[in-house]
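Inspection log for the structure reproduced underneath, given as structure tokens.
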Amino acid sequence: MLEVLRPGLQTTVQDAGRRARALGVPGGGAADPLALRLANALVGNSPGAAALEVTLAGPTLRFGAGTLVALCGAPFTAALDGQPFPVGRTVAVEAGQTLALGGTARGARAVLALRGGLSGQEAFGSRGTDLRSGFGGHGGRALRAGDRLAWLPLPPATPPRAFLSPDLHTPTGPHVTLRVLATPEATPGLLDALTGQTFRVSGQADRMGVRLTEAVPAPHDPARVSLPNVPGAVQLPPDGRPILLLPDAGTHGGYPTPLVVAAADLPVLGQLRPGDRVSLREVTRAEAHAALRQQEHEVRQAETALAWWYAGQREAPHKSRPPR
Amino acid sequence: MREADITPLGDAALVVRSPLARELLADLAARPLPGVREVVPALDVLTVLYDPLSMAGESLAAGLGARLARLHPEQDGTGRTHVLPVTFGGPDLGWCAGQAGLSEPEFVAALCAVRLTVAFLGFTPGFAFLTGLPERLRMPRLSAPRERVPAGSVALGGPWAGVYPSETPGGWRLVGRTDAVLFDLARPQPVLWRAGDRVRFAVADA
């Protein structure tokens with residue numbers, strides 16, 4: 001049992017998201033999906049197990065039982081019973097201990113995974129919280145003080161001593177470049193305007209989307225019919241201030257979408273915070289694909305090494321003792 | 001038949017534009033293509049989200065084109081039909097009837113006579129864009145959306161009819177309400193309808 005002493009700014013249960021867009025249901029899931037995979041790998045979970053996503057200011061949590069935990073994503077400060085708690089490493093916590101997550105100087109989100117994965121309401125094949133529709137995760141809402149969360153049982157294990165390579169952490173601001181692909185709606189002039197300047201992230205930045213502050217001349221097309229949205233779509237509403245879509249964005253949108261963020265940079269998009277500066281750089285499909293392959297190769301290496309560590313303990317249980 | 005219009009959208013999705021989009025959606029549900037994560041319908045459009053690590057966009061486009069070439073327009077009656085009992089009398093009913101040049105009872109009868117089709121779902125979980133309204137029953141959207149439209153409201157907006165599954169903002173004209181539950185997570189199939197289903201409105205028993 002995990003007891004929420006302080007909820008933080010916006011802490012939600014998230015996993016790898018759902019695939020029910022054809023029913024009008026947003027994808028959801030962790031805004032930084034790499035942080036989710038790595039945190040899960042560190043505690044011996046499957047890649048898409050449900051974990052806590054914390055935003056800008058983290059929660060304070062008391063553990064009712066011992067388990068393994070790992071925090072990945074933006075470099076949040078954290079303390080376990082007052083002792084410094086590292087990012088990107090597996091930590092054994094004991095019953096009664098309190099984990100206090102602070103803030104982060106860069107980026108917006110981190111994922112705290114617990115061995116076994118969090119339980120919670122499943123909707124359309126995912127335990128992720130859809131805040132807008134109010135389902136999934138813990139009551140379809142962000143955590144509040146006094147909430148109690150359970151996690152699913154897995155055999156106890158000894159934590160691996162490894163640190164994640166810093167290269168695996170999602171890059172965070174204050175200035176990031178997102179690789180983008182042009183769509184058929186990108187005219188040459190629009191493409192120049194979007195890729196030729198640096199934007200700033202406005203205060204309108206949540207799990208649905210990130211609004212940029214500077215405007216570009218927006219095409220006016222009131223007759224454009226609604227089309228399905230994709231992750232990372234860059235929408236251009238009539239006022240010309242781009243909106244970059246995050247996992248909770250609606251399934252369909254009526255605004256022109258001249259650019260889409262490359263799949264490899266979706267985790268970076270999920271780390272944008274108000275005030276960050278963003279540049280958009282056009283890449284070819286081949287370049288985007290190469291970047292994704294490279295990223296996947298590195299993440300799978302880490303996942304494989306950690307899976308090997310946990311599998312080895314199943315074969316030789318006498319070598320490990322349950323952490324208590 | 002002209003060649004299928006299939007264009008990339010980013011590096012993990014393709015957009016298929018075809019009058020046979022709904023038939024392709026059903027075909028892909030029955031016989032999934034490898035590497036495809038999700039198929040999302042809109043009007044005469046499918047967006048196909050795929051895993052670029054396991055499938056090249058070009059070969060997926062070729063596979064989708066080949067599927068399309070073998071499809072035929074759907075025969076009538078293959079989808080399910082939903083009859084929704086509606087209590088007519090929303091705040092915009094009188095206005096809509098006037099716009100159509102009909103009395104309120106005539107307008108209600110005309111609307112109930114229309115056989116609508118679920119073109120696609122979106123906007124909010126369970127919301128269906130219903131197509132098939134004759135020109136006379138098409139109503140312009142409100143110039144400014146209402147902040148709150150009650151769940152179950154039956155509405156007309158542009159070429160579409162729809163029913164709001166939950167309380168949301170909305171800019172369509174409200175002509176009635178239904179008790180039909182469109183979205184319920186406790187059901188094995190939480191969403192009532194699918195793209196391609198037929199829909200009729202009926203006057204609810206008083």
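By convention here, the chains of the structure tokens are called A, B, ... in the order presented, each chain's residues are numbered starting at 1, and ligands are numbered starting at 1 in the order presented.
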Fill in: Within 12 Å of Leu53 in chain B using only C-alpha atoms, minus same-chain residues under 3 positions, as number ranges by chain
A: 263-264, 286, 288-297; B: 11-12, 34-37, 50, 56-57
What are the closest atom pairs, with distances in Å to one decimal, for all residues of range 115-193 of chain A lying within 12 Å of range 44-57 of chain A? Consider only C-alpha atoms, order rows by chain and residue number, and present the result as a Markdown table.
```
| residue | atom | partner | partner_atom | distance |
| --- | --- | --- | --- | --- |
| A:Arg115 | CA | A:Asn45 | CA | 6.2 |
| A:Gly116 | CA | A:Asn45 | CA | 6.0 |
| A:Gly117 | CA | A:Ala50 | CA | 5.1 |
| A:Leu118 | CA | A:Ala50 | CA | 5.1 |
| A:Ser119 | CA | A:Ala50 | CA | 7.1 |
| A:Gly120 | CA | A:Ala50 | CA | 8.4 |
| A:Gln121 | CA | A:Ala50 | CA | 10.5 |
| A:Glu122 | CA | A:Ala50 | CA | 10.1 |
| A:Gly125 | CA | A:Gly48 | CA | 11.2 |
| A:Ser126 | CA | A:Ala50 | CA | 8.4 |
| A:Arg127 | CA | A:Ala50 | CA | 6.4 |
| A:Gly128 | CA | A:Ala50 | CA | 7.0 |
| A:Thr129 | CA | A:Ala50 | CA | 9.9 |
| A:Gly136 | CA | A:Ala50 | CA | 10.7 |
| A:Gly137 | CA | A:Ala50 | CA | 8.3 |
| A:His138 | CA | A:Leu52 | CA | 10.3 |
| A:Ala142 | CA | A:Glu53 | CA | 9.7 |
| A:Leu143 | CA | A:Leu52 | CA | 9.5 |
| A:Leu149 | CA | A:Leu52 | CA | 10.3 |
| A:Ala150 | CA | A:Ala51 | CA | 11.0 |
| A:Trp151 | CA | A:Ala50 | CA | 9.0 |
| A:Leu152 | CA | A:Ala50 | CA | 9.8 |
| A:Pro153 | CA | A:Asn45 | CA | 10.8 |
| A:Leu154 | CA | A:Asn45 | CA | 8.8 |
| A:Pro155 | CA | A:Gly44 | CA | 10.0 |
| A:Pro156 | CA | A:Gly44 | CA | 10.0 |
| A:Ala157 | CA | A:Gly44 | CA | 8.6 |
| A:Thr158 | CA | A:Gly44 | CA | 10.2 |
| A:Pro159 | CA | A:Gly44 | CA | 9.0 |
| A:Pro160 | CA | A:Gly44 | CA | 9.6 |
```
Restrict the calculation to only C-alpha atoms, then for each residue of chain B with any atom at most 9 Å from an atom of chain A give the closest atom pair and their distance in Å to one decimal, rows by chain and rising residue number, as CSV.
```
residue,atom,partner,partner_atom,distance
B:Thr7,CA,A:Pro184,CA,8.0
B:Pro8,CA,A:Thr183,CA,7.3
B:Leu9,CA,A:Thr183,CA,5.8
B:Gly10,CA,A:Val260,CA,4.9
B:Asp11,CA,A:Arg285,CA,5.9
B:Ala12,CA,A:Ala263,CA,6.9
B:Ala13,CA,A:Val230,CA,7.4
B:Arg37,CA,A:Arg19,CA,7.4
B:Glu38,CA,A:Arg19,CA,6.3
B:Val39,CA,A:Ala22,CA,6.6
B:Val40,CA,A:Ala22,CA,4.6
B:Pro41,CA,A:Ala22,CA,6.2
B:Ala42,CA,A:Leu227,CA,5.8
B:Leu43,CA,A:Leu227,CA,7.9
B:Val45,CA,A:Leu227,CA,7.7
B:Leu46,CA,A:Pro228,CA,7.9
B:Thr47,CA,A:Pro228,CA,6.3
B:Leu49,CA,A:Val230,CA,7.7
B:Pro52,CA,A:His289,CA,7.1
B:Leu53,CA,A:Arg293,CA,6.7
B:Phe120,CA,A:Ala22,CA,7.5
B:Leu121,CA,A:Gly24,CA,5.0
B:Gly122,CA,A:Gly24,CA,3.7
B:Phe123,CA,A:Gly250,CA,6.0
B:Thr124,CA,A:Gly24,CA,5.6
B:Pro125,CA,A:Gly24,CA,4.5
B:Gly126,CA,A:Gly24,CA,6.1
B:Phe127,CA,A:Gly24,CA,6.7
B:Ala128,CA,A:Gly24,CA,8.2
B:Ser166,CA,A:Ser133,CA,8.8
B:Leu185,CA,A:Ala123,CA,7.0
B:Pro190,CA,A:Phe124,CA,8.5
B:Val191,CA,A:Leu23,CA,7.0
B:Trp193,CA,A:Leu23,CA,8.4
B:Arg194,CA,A:Leu23,CA,7.2
B:Ala195,CA,A:Ala22,CA,8.2
```
Discussion item. Among range 106-208 of chain A, which ones does DSSP assign to strand (DSSP E) (computed from the backbone)? Answer as a ChimeraX atom specification.
Written reply: /A:109-114,148-149,175-182,198-205
Item to complete: Would you work out the distance separating CA of Gly102 in chain A from CA of Ala302 in chain A, expressed in Å to one decimal?
Response: 26.6 Å
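The coordinates place CA of Asp130 in chain A at 28.2 Å from CA of Thr131 in chain B.
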Worksheet item: With only C-alpha atoms as the atoms that count, which of A:Leu236, A:Leu280, A:Ala74, A:Leu112 lies nearest to Thr11 in chain A?
Response: A:Leu112
Worksheet entry | Given only C-alpha atoms as the counted atoms, nearest of A:Asp81, A:Arg277, A:Arg144, A:Ala41 to Ala305 in chain A |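 Of A:Asp81, A:Arg277, A:Arg144, A:Ala41, the one nearest Ala305 in chain A, counting only C-alpha atoms, is A:Ala41.
From CA of Ala16 in chain A back to CA of Leu64 in chain B, the distance works out to 26.5 Å.
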Discussion item. Measuring between only C-alpha atoms, which one of B:Glu23, B:Glu147, B:Asp44, B:Glu135 shows the shortest distance to Asp197 in chain B?
Written reply: B:Glu23
Fill in: Residues of chain B in alpha helix (DSSP H), written as an MDAnalysis selection string
chainID B and resid 21:30 57:69 93:100 104:113
Atoms kept (N, CA and C atoms) for selection, written as a short mmCIF file (atom, residue, chain, number, x, y, z; two decimals), in the first residue's frame:
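Ended up saving to result-v5.cif:
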```cif
data_model
loop_
_atom_site.label_atom_id
_atom_site.label_comp_id
_atom_site.auth_asym_id
_atom_site.auth_seq_id
_atom_site.Cartn_x
_atom_site.Cartn_y
_atom_site.Cartn_z
N ALA B 21 -13.48 4.19 -47.33
CA ALA B 21 -12.77 4.20 -46.04
C ALA B 21 -13.46 3.32 -45.01
N ARG B 22 -14.81 3.39 -44.97
CA ARG B 22 -15.52 2.61 -43.95
C ARG B 22 -15.38 1.11 -44.22
N GLU B 23 -15.39 0.73 -45.47
CA GLU B 23 -15.23 -0.68 -45.81
C GLU B 23 -13.81 -1.15 -45.47
N LEU B 24 -12.83 -0.27 -45.70
CA LEU B 24 -11.45 -0.63 -45.37
C LEU B 24 -11.28 -0.79 -43.85
N LEU B 25 -11.95 0.08 -43.09
CA LEU B 25 -11.90 -0.02 -41.63
C LEU B 25 -12.40 -1.39 -41.17
N ALA B 26 -13.53 -1.82 -41.72
CA ALA B 26 -14.09 -3.12 -41.34
C ALA B 26 -13.17 -4.25 -41.77
N ASP B 27 -12.58 -4.10 -42.94
CA ASP B 27 -11.67 -5.13 -43.45
C ASP B 27 -10.44 -5.24 -42.56
N LEU B 28 -9.89 -4.10 -42.13
CA LEU B 28 -8.68 -4.13 -41.29
C LEU B 28 -8.99 -4.65 -39.89
N ALA B 29 -10.24 -4.43 -39.43
CA ALA B 29 -10.62 -4.98 -38.13
C ALA B 29 -10.71 -6.51 -38.22
N ALA B 30 -11.21 -7.01 -39.36
CA ALA B 30 -11.38 -8.45 -39.52
C ALA B 30 -10.04 -9.15 -39.81
N GLY B 57 6.75 2.57 -43.95
CA GLY B 57 5.55 3.26 -44.40
C GLY B 57 5.20 2.93 -45.84
N GLU B 58 6.22 2.79 -46.70
CA GLU B 58 5.97 2.53 -48.12
C GLU B 58 5.29 1.18 -48.32
N SER B 59 5.78 0.16 -47.60
CA SER B 59 5.18 -1.16 -47.81
C SER B 59 3.79 -1.22 -47.19
N LEU B 60 3.59 -0.50 -46.10
CA LEU B 60 2.25 -0.45 -45.52
C LEU B 60 1.28 0.23 -46.50
N ALA B 61 1.75 1.33 -47.12
CA ALA B 61 0.90 2.04 -48.09
C ALA B 61 0.54 1.10 -49.24
N ALA B 62 1.50 0.32 -49.69
CA ALA B 62 1.23 -0.62 -50.77
C ALA B 62 0.21 -1.67 -50.34
N GLY B 63 0.37 -2.16 -49.11
CA GLY B 63 -0.57 -3.15 -48.59
C GLY B 63 -1.98 -2.60 -48.47
N LEU B 64 -2.09 -1.34 -48.01
CA LEU B 64 -3.41 -0.73 -47.88
C LEU B 64 -4.03 -0.49 -49.25
N GLY B 65 -3.20 -0.07 -50.21
CA GLY B 65 -3.70 0.14 -51.57
C GLY B 65 -4.23 -1.14 -52.16
N ALA B 66 -3.53 -2.24 -51.93
CA ALA B 66 -3.97 -3.53 -52.46
C ALA B 66 -5.29 -3.96 -51.83
N ARG B 67 -5.42 -3.72 -50.51
CA ARG B 67 -6.69 -4.04 -49.84
C ARG B 67 -7.84 -3.25 -50.45
N LEU B 68 -7.60 -1.94 -50.62
CA LEU B 68 -8.64 -1.06 -51.15
C LEU B 68 -9.12 -1.51 -52.52
N ALA B 69 -8.16 -1.94 -53.35
CA ALA B 69 -8.49 -2.30 -54.72
C ALA B 69 -9.45 -3.49 -54.77
N LEU B 93 -35.37 23.64 -30.79
CA LEU B 93 -36.28 22.90 -31.68
C LEU B 93 -37.12 23.85 -32.53
N GLY B 94 -37.70 24.85 -31.86
CA GLY B 94 -38.57 25.78 -32.59
C GLY B 94 -37.79 26.52 -33.67
N TRP B 95 -36.60 26.97 -33.32
CA TRP B 95 -35.76 27.69 -34.28
C TRP B 95 -35.45 26.81 -35.49
N CYS B 96 -35.09 25.55 -35.22
CA CYS B 96 -34.72 24.62 -36.31
C CYS B 96 -35.92 24.34 -37.22
N ALA B 97 -37.08 24.15 -36.60
CA ALA B 97 -38.29 23.90 -37.39
C ALA B 97 -38.55 25.08 -38.30
N GLY B 98 -38.44 26.30 -37.75
CA GLY B 98 -38.64 27.50 -38.55
C GLY B 98 -37.64 27.59 -39.69
N GLN B 99 -36.41 27.27 -39.39
CA GLN B 99 -35.34 27.31 -40.39
C GLN B 99 -35.67 26.35 -41.54
N ALA B 100 -36.27 25.20 -41.20
CA ALA B 100 -36.61 24.19 -42.21
C ALA B 100 -37.95 24.51 -42.89
N GLU B 104 -43.26 22.33 -35.73
CA GLU B 104 -42.45 21.46 -34.89
C GLU B 104 -42.77 19.98 -35.09
N PRO B 105 -44.08 19.59 -35.10
CA PRO B 105 -44.37 18.16 -35.32
C PRO B 105 -43.88 17.67 -36.68
N GLU B 106 -43.99 18.51 -37.71
CA GLU B 106 -43.51 18.11 -39.04
C GLU B 106 -41.99 17.92 -39.01
N PHE B 107 -41.30 18.83 -38.31
CA PHE B 107 -39.84 18.75 -38.23
C PHE B 107 -39.41 17.46 -37.53
N VAL B 108 -40.09 17.16 -36.41
CA VAL B 108 -39.77 15.94 -35.65
C VAL B 108 -40.00 14.71 -36.53
N ALA B 109 -41.13 14.70 -37.24
CA ALA B 109 -41.43 13.55 -38.11
C ALA B 109 -40.37 13.40 -39.20
N ALA B 110 -39.97 14.55 -39.76
CA ALA B 110 -38.95 14.50 -40.82
C ALA B 110 -37.63 13.96 -40.29
N LEU B 111 -37.27 14.40 -39.08
CA LEU B 111 -35.99 13.95 -38.51
C LEU B 111 -36.04 12.46 -38.17
N CYS B 112 -37.19 12.00 -37.67
CA CYS B 112 -37.31 10.58 -37.31
C CYS B 112 -37.36 9.68 -38.56
N ALA B 113 -37.66 10.26 -39.70
CA ALA B 113 -37.74 9.47 -40.93
C ALA B 113 -36.35 9.25 -41.54
#
```
Worksheet item: Pick from B:Arg146, B:Arg136, B:Arg177, B:Thr117: nearest to Gly158 in chain B, with only C-alpha atoms counted?
Response: B:Arg136
Worksheet item: Excluding same-chain residues fewer than 5 positions from Val163 in chain B, what lies within 6 Å of it counting only C-alpha atoms, as a list in words?
Response: Gly152, Ser153 and Val154 of chain B
Write out, as a PDB file, in the first residue's frame, the residues just selected, with N, CA, C and O atoms.
```pdb
ATOM      1  N   GLY B 152     -26.868  13.412 -23.122  1.00  0.00           N
ATOM      2  CA  GLY B 152     -28.072  12.894 -23.755  1.00  0.00           C
ATOM      3  C   GLY B 152     -28.715  13.858 -24.733  1.00  0.00           C
ATOM      4  O   GLY B 152     -29.700  13.502 -25.381  1.00  0.00           O
ATOM      5  N   SER B 153     -28.164  15.078 -24.865  1.00  0.00           N
ATOM      6  CA  SER B 153     -28.763  16.041 -25.791  1.00  0.00           C
ATOM      7  C   SER B 153     -28.611  15.568 -27.221  1.00  0.00           C
ATOM      8  O   SER B 153     -27.542  15.129 -27.639  1.00  0.00           O
ATOM      9  N   VAL B 154     -29.706  15.672 -27.976  1.00  0.00           N
ATOM     10  CA  VAL B 154     -29.702  15.343 -29.405  1.00  0.00           C
ATOM     11  C   VAL B 154     -29.534  16.654 -30.161  1.00  0.00           C
ATOM     12  O   VAL B 154     -30.264  17.615 -29.895  1.00  0.00           O
TER      13      VAL B 154
END
```
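Using only C-alpha atoms, the residues found no farther than 6 Å from Asp248 in chain A, other than those of its own chain fewer than 2 positions away, are Pro26, Gly28, Arg207, Met208 and Leu246 of chain A.
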